[in-house]
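Worksheet for the structure shown next.
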Amino acid sequence: MFLIAFIGSCFLLAMIPGVSTAVILRQTLRAGRGPGMAATLGNETGILLWALAAAFGLSALVLASEVAYDVMRIVGAVFLVVMGAQSIRQARAGREAERPREEAVAETPRGWRRSYLLGFSTCLANPKAAVFAMSFLPQFVPEGANVPLTLIALAVIWVLVDTVWYGLFIWMVGRARTVFGRPAVRRRLERISGVVLIGLGVRLAVEAR
């Protein structure tokens, strides 16, 4: 029963829009399903590392240090603001002539690697992910169970559920790219995603623990 409750909670959490959703949507709209999925895998790698750190108590060390926490928070905020500013600048420039070349590069292994690192670094630079892993996973450890092993198993399930949800999300966005791919619509979406990313970055920068 606890496992069903945990999987259901993971799906509900994955559906809530946040930094990960904004980054994955941005990459999917810009370059297609491949780079979008690469960004997802990068994000899930970061989540798995934070969850494993929580299982072994390592994330508590980061959170115990106010300096380390604040440095990570500011780095993550700057990262998001820069991405948002790039999206807005590209939308204003209206560089549609360069779009086919950019998409061609994005669909290469190099482009996928870039999207993967984008998703990974965004997640890893977000200390809120560590806080959430520490508070979320232990709630579902049954009484009498081996805590570290159970937390590791729950972390893997969490990542799998996240990957399934984002895979469906990317597929749906990919299906709608014929509409989103129109120059005027694409520029508008670039502006919106840019504003959202900047807003998330500012919130991360000013938000208390």
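How things are named: the first chain in the structure tokens is A, the next is B, and so on; residues count from 1 in each chain; ligands count from 1 in the order shown.
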Spatial neighbours of A:Thr28, max dist 10 Å, only C-alpha atoms, sep filter under 3 positions, as a PyMOL selection string | chain A and resi 22-25+31-40+115+169-171+173-174+177
Near-A:Leu200 list (10 Å; only C-alpha atoms; drop same-chain fewer than 5 positions) as a ChimeraX atom specification | /A:18-19,22,76-77,80-81,84,194-195,205
Interface rows for stretch 124-168 of chain A against stretch 2-14 of chain A: nearest pair, Å to one decimal, 9 Å, only C-alpha atoms, as CSV:
residue,atom,partner,partner_atom,distance
A:Leu137,CA,A:Phe6,CA,8.7
A:Phe140,CA,A:Phe2,CA,6.4
A:Val141,CA,A:Phe2,CA,8.3
A:Pro142,CA,A:Phe2,CA,7.6
A:Leu154,CA,A:Phe6,CA,8.2
A:Ile157,CA,A:Ile7,CA,7.5
A:Trp158,CA,A:Cys10,CA,6.0
A:Val159,CA,A:Cys10,CA,8.8
A:Val161,CA,A:Phe11,CA,6.4
A:Asp162,CA,A:Ala14,CA,5.8
A:Trp165,CA,A:Ala14,CA,6.7
A:Tyr166,CA,A:Ala14,CA,7.8
Shell around A:Leu124 at 9 Å using only C-alpha atoms, local window under 5 positions removed, as JSON, numbers by chain = {"A": [43, 45, 46, 47, 49, 50, 72, 76, 119, 129, 130]}
Those selected residues, please, written with C-alpha atoms and delivered as an mmCIF file, in the first residue's frame.
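Dumped everything to result16.cif:
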data_model
loop_
_atom_site.group_PDB
_atom_site.id
_atom_site.type_symbol
_atom_site.label_atom_id
_atom_site.label_comp_id
_atom_site.auth_asym_id
_atom_site.auth_seq_id
_atom_site.Cartn_x
_atom_site.Cartn_y
_atom_site.Cartn_z
ATOM 1 C CA ASN A 43 17.472 16.356 -14.621
ATOM 2 C CA THR A 45 20.452 12.178 -12.839
ATOM 3 C CA GLY A 46 20.544 15.234 -10.593
ATOM 4 C CA ILE A 47 17.430 14.107 -8.715
ATOM 5 C CA LEU A 49 22.140 12.094 -6.837
ATOM 6 C CA TRP A 50 20.232 14.325 -4.406
ATOM 7 C CA MET A 72 24.385 26.812 -4.509
ATOM 8 C CA GLY A 76 21.292 28.121 -9.529
ATOM 9 C CA GLY A 119 19.130 19.541 -17.202
ATOM 10 C CA ALA A 129 15.931 19.666 -4.489
ATOM 11 C CA ALA A 130 18.095 18.498 -1.583
#
Residue nearest A:Arg188 - candidates A:Asn146, A:Gln27, A:Asn126, A:Ser87, atoms counted: only C-alpha atoms =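 Going through A:Asn146, A:Gln27, A:Asn126, A:Ser87 one by one, the smallest distance to A:Arg188 is for A:Ser87.
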Counting only C-alpha atoms, the residue among A:Ala51, A:Phe120, A:Ser20, A:Leu29 that lies closest to A:Ala153 is A:Ala51
Spatial neighbours of A:Met83, 10 Å, only C-alpha atoms, chain gap at least 5 places, as a PyMOL selection string = chain A and resi 23+26+78+88-89+118+193-195+197-198+201
